[in-house]
2 protein chains.
Amino acid sequence: MSVVDGHREPRRAPEGARTRAFEEVLDRIEERIAAGGLTVGDRLPGERQLAEELRVSRSSVREALRALATLGVVSSQVGRGPDAGAVLTSRPDSALTELLRLNLSLSTLTMREVVDTRLMIEQWAAARAAGDGGAALGEMAEAVAAMDAAATPEEFVAHDIAFHMALAAASGNRLTSAIMRALRDAVRHYAIDAVLRLGDTADLQADHRRILDAVRDRDAEAATAAVTEHLARAYPG
Amino acid sequence: MSVVDGHREPRRAPEGARTRAFEEVLDRIEERIAAGGLTVGDRLPGERQLAEELRVSRSSVREALRALATLGVVSSQVGRGPDAGAVLTSRPDSALTELLRLNLSLSTLTMREVVDTRLMIEQWAAARAAGDGGAALGEMAEAVAAMDAAATPEEFVAHDIAFHMALAAASGNRLTSAIMRALRDAVRHYAIDAVLRLGDTADLQADHRRILDAVRDRDAEAATAAVTEHLARAYPG
DNA sequence: GACCAAATATGGTCTGACCATACACCCGGC
DNA sequence: GCCGGGTGTATGGTCAGACCATATTTGGTC
């Protein structure tokens, strides 16, 4: 019934260790990041080496790395050389997007909540962009022109996202920008539907130009109002 | 050198399949969630069954489930019975917290950005709470009383988080609440330091009472101002 | 020096085993 | 009939060891 095995250490004492092996790996890697001064671009040891150092199996190491990859903190490349292996990155956008998409699928979030959150961020970002004066004006104007030239709803929405991302980026806050990006990506499909439903993008473009003008004029109040009306039009409540 | 194996299918045609096996599993599970009407509380098939159905190894299934667990969408219990196995959940808070913590460690986010984002959410939530009238007043008042009675900075901060979470929850938006929770949890350590640095919590409590009063009086403007001053005091810029 | 083949290091996948846990089931005693 | 305990079993968690695909490094040949 039972093949002789004999290479197991049966948990060397119940010393409070209730954590699973991969969590131990997770903690150790986070320690190295926090203490060792590792930063974006640095490489982690290979999976096999990590497994040996931490005295766990490679599977456990892989599960830990998969968790970190899901959070957008590491990225793995196969092959050999300086660029191969697990590298520290910082791509929170995709993780946030996935989080939102799944929660929308599970109906633990509603579109209303997502759109309201987006409105909060855009109002805030528009006011800051108007106050700061316009580093983002160039990008925003380009996006408006590109939307004019867009042949399909997909194209239009792509440039629409670029417009609103430029506005968000003008706030200088990478966290709100990342959240904004994730919000847009998660509901990209709905945005395309909205464009199809409206049929005509002239009103949306008029809104965009009003936002652009308000930021150019450094009129925070007008920028906030323009953004509010724009979202009310695109996602009627 | 090479043991005879012979149970491998060498990738049945390069039919564009550039996705890794665990990603395929991820997609299939998400499909089931989106299409099959699975919702929170429902169980997924066991790892072994899933592996057989999708014609991949159990390791790949596990990596996919680990990714979903990292996003707070599934939770696994060992054992047997109705509660065992992988169950769909919705705990985005921990995923967001981890994301923020790691990005702070990696210095791809600054405390300033985190605090500014928190300010944005709290201003917005305070205005809405004041407008809606106070379902949250009871909880907030309790939290203020508990902070008065707190013996340690840790205790104080715990109730402080409860106070601000009640305010955020009053907005009725689960997404902003979840982000708020994650923001607070990620910088919990800094909050405790801030309390220690201030030495005295009387000013903070005075702020809390001003916020509470403004919400009670349904004065959105005063609530926003009170929140703004409170954060400026706690995290001077 | 340029080019090509072999060695090698990396992540990705698979198999098959064992472990720990917690419920399901059955069987005996009452 | 009911209850209590022992056993069966399904579940996730872990491990070991192999092979595969990929990309660089290395070294040899012309």
# chains A, B, ... in the order shown; residues from 1 in each chain; ligands from 1
>>> closest_atom_pairs(of="chain A", to="chain C", cutoff="8 Å", atoms="only C-alpha atoms (C1' of nucleotides)", output="JSON lines")
{"residue": "A:Gly46", "atom": "CA", "partner": "C:DT10", "partner_atom": "C1'", "distance": 7.5}
{"residue": "A:Ser76", "atom": "CA", "partner": "C:DG11", "partner_atom": "C1'", "distance": 7.1}
{"residue": "A:Gln77", "atom": "CA", "partner": "C:DG11", "partner_atom": "C1'", "distance": 6.6}
{"residue": "A:Val78", "atom": "CA", "partner": "C:DG11", "partner_atom": "C1'", "distance": 4.6}
{"residue": "A:Gly79", "atom": "CA", "partner": "C:DT10", "partner_atom": "C1'", "distance": 4.6}
{"residue": "A:Arg80", "atom": "CA", "partner": "C:DT10", "partner_atom": "C1'", "distance": 5.3}
{"residue": "A:Gly81", "atom": "CA", "partner": "C:DA9", "partner_atom": "C1'", "distance": 8.0}
{"residue": "A:Ala84", "atom": "CA", "partner": "C:DT10", "partner_atom": "C1'", "distance": 6.3}
{"residue": "A:Gly85", "atom": "CA", "partner": "C:DT10", "partner_atom": "C1'", "distance": 6.0}
>>> interface_residues(of="chain B", to="chain A", cutoff="6 Å", atoms="only C-alpha atoms", output="list in words")
Ala34, Thr39, Glu63, Ala67, Thr70, Ser105, Leu106, Glu113 and Asn173 of chain B
>>> select_by_dssp(residues="range 25-210 of chain A", states="strand (DSSP E or B)", output="ChimeraX atom specification")
/A:43,74-77,85-88
>>> write_last_selection(atoms="N, CA and C atoms", output="tab-separated table (two decimals), in the first residue's frame")
chain	number	residue	atom	x	y	z
A	43	ARG	N	16.69	41.58	-9.57
A	43	ARG	CA	16.30	40.18	-9.77
A	43	ARG	C	16.23	39.43	-8.45
A	74	VAL	N	6.12	41.20	-9.22
A	74	VAL	CA	7.22	40.52	-9.90
A	74	VAL	C	6.75	40.10	-11.29
A	75	SER	N	7.73	39.90	-12.14
A	75	SER	CA	7.45	39.49	-13.50
A	75	SER	C	8.53	38.49	-13.89
A	76	SER	N	8.13	37.37	-14.45
A	76	SER	CA	9.09	36.30	-14.72
A	76	SER	C	9.38	36.16	-16.21
A	77	GLN	N	10.64	36.01	-16.51
A	77	GLN	CA	11.04	35.74	-17.89
A	77	GLN	C	11.83	34.45	-17.93
A	85	GLY	N	14.56	35.27	-15.27
A	85	GLY	CA	14.23	35.08	-13.87
A	85	GLY	C	13.15	36.02	-13.40
A	86	ALA	N	12.94	36.01	-12.09
A	86	ALA	CA	11.89	36.84	-11.49
A	86	ALA	C	12.46	38.21	-11.19
A	87	VAL	N	11.86	39.22	-11.76
A	87	VAL	CA	12.33	40.59	-11.61
A	87	VAL	C	11.26	41.41	-10.89
A	88	LEU	N	11.68	42.25	-9.99
A	88	LEU	CA	10.73	43.12	-9.30
A	88	LEU	C	10.21	44.18	-10.26
>>> closest_residue(among="B:Gln49, B:Ala191, B:Val25, B:Arg32", to="chain D", atoms="only C-alpha atoms (C1' of nucleotides)")
B:Gln49
>>> interface_residues(of="chain D", to="chain A", cutoff="7 Å", atoms="only C-alpha atoms (C1' of nucleotides)", output="list in words")
DC15, DT22, DA23 and DT24 of chain D
>>> write_last_selection(atoms="N, CA, C and O atoms (P, O5', C5', C4', C3', O3' and C1' of nucleotides)", output="PDB file, in the first residue's frame")
ATOM      1  P    DC D  15       7.346  21.829   1.439  1.00  0.00           P
ATOM      2  O5'  DC D  15       7.800  20.507   0.674  1.00  0.00           O
ATOM      3  C5'  DC D  15       7.734  19.268   1.360  1.00  0.00           C
ATOM      4  C4'  DC D  15       7.951  18.127   0.387  1.00  0.00           C
ATOM      5  C3'  DC D  15       9.139  18.312  -0.559  1.00  0.00           C
ATOM      6  O3'  DC D  15      10.219  17.511  -0.141  1.00  0.00           O
ATOM      7  C1'  DC D  15       7.213  17.352  -1.656  1.00  0.00           C
ATOM      8  P    DT D  22       9.284  27.623 -27.226  1.00  0.00           P
ATOM      9  O5'  DT D  22      10.369  28.503 -26.467  1.00  0.00           O
ATOM     10  C5'  DT D  22       9.976  29.218 -25.299  1.00  0.00           C
ATOM     11  C4'  DT D  22      11.183  29.909 -24.714  1.00  0.00           C
ATOM     12  C3'  DT D  22      12.054  30.673 -25.710  1.00  0.00           C
ATOM     13  O3'  DT D  22      12.236  31.973 -25.218  1.00  0.00           O
ATOM     14  C1'  DT D  22      13.381  29.334 -24.332  1.00  0.00           C
ATOM     15  P    DA D  23      12.534  33.179 -26.239  1.00  0.00           P
ATOM     16  O5'  DA D  23      13.935  33.692 -25.696  1.00  0.00           O
ATOM     17  C5'  DA D  23      14.081  33.985 -24.309  1.00  0.00           C
ATOM     18  C4'  DA D  23      15.545  33.903 -23.929  1.00  0.00           C
ATOM     19  C3'  DA D  23      16.488  34.538 -24.955  1.00  0.00           C
ATOM     20  O3'  DA D  23      17.381  35.398 -24.297  1.00  0.00           O
ATOM     21  C1'  DA D  23      17.220  32.377 -24.389  1.00  0.00           C
ATOM     22  P    DT D  24      18.262  36.403 -25.135  1.00  0.00           P
ATOM     23  O5'  DT D  24      19.667  36.366 -24.386  1.00  0.00           O
ATOM     24  C5'  DT D  24      19.690  36.304 -22.975  1.00  0.00           C
ATOM     25  C4'  DT D  24      20.751  35.332 -22.526  1.00  0.00           C
ATOM     26  C3'  DT D  24      22.180  35.710 -22.927  1.00  0.00           C
ATOM     27  O3'  DT D  24      22.931  35.909 -21.748  1.00  0.00           O
ATOM     28  C1'  DT D  24      21.771  33.406 -23.280  1.00  0.00           C
TER      29       DT D  24
END
>>> residues_around(residues="Asp200 in chain A", least_positions_apart="2", cutoff="12 Å", atoms="only C-alpha atoms (C1' of nucleotides)", output="PyMOL selection string")
chain A and resi 148+152-153+156+194-198+202-206+234
>>> atom_distance(atom1="CA of Asp217 in chain B", atom2="CA of Met147 in chain B")
22.2 Å
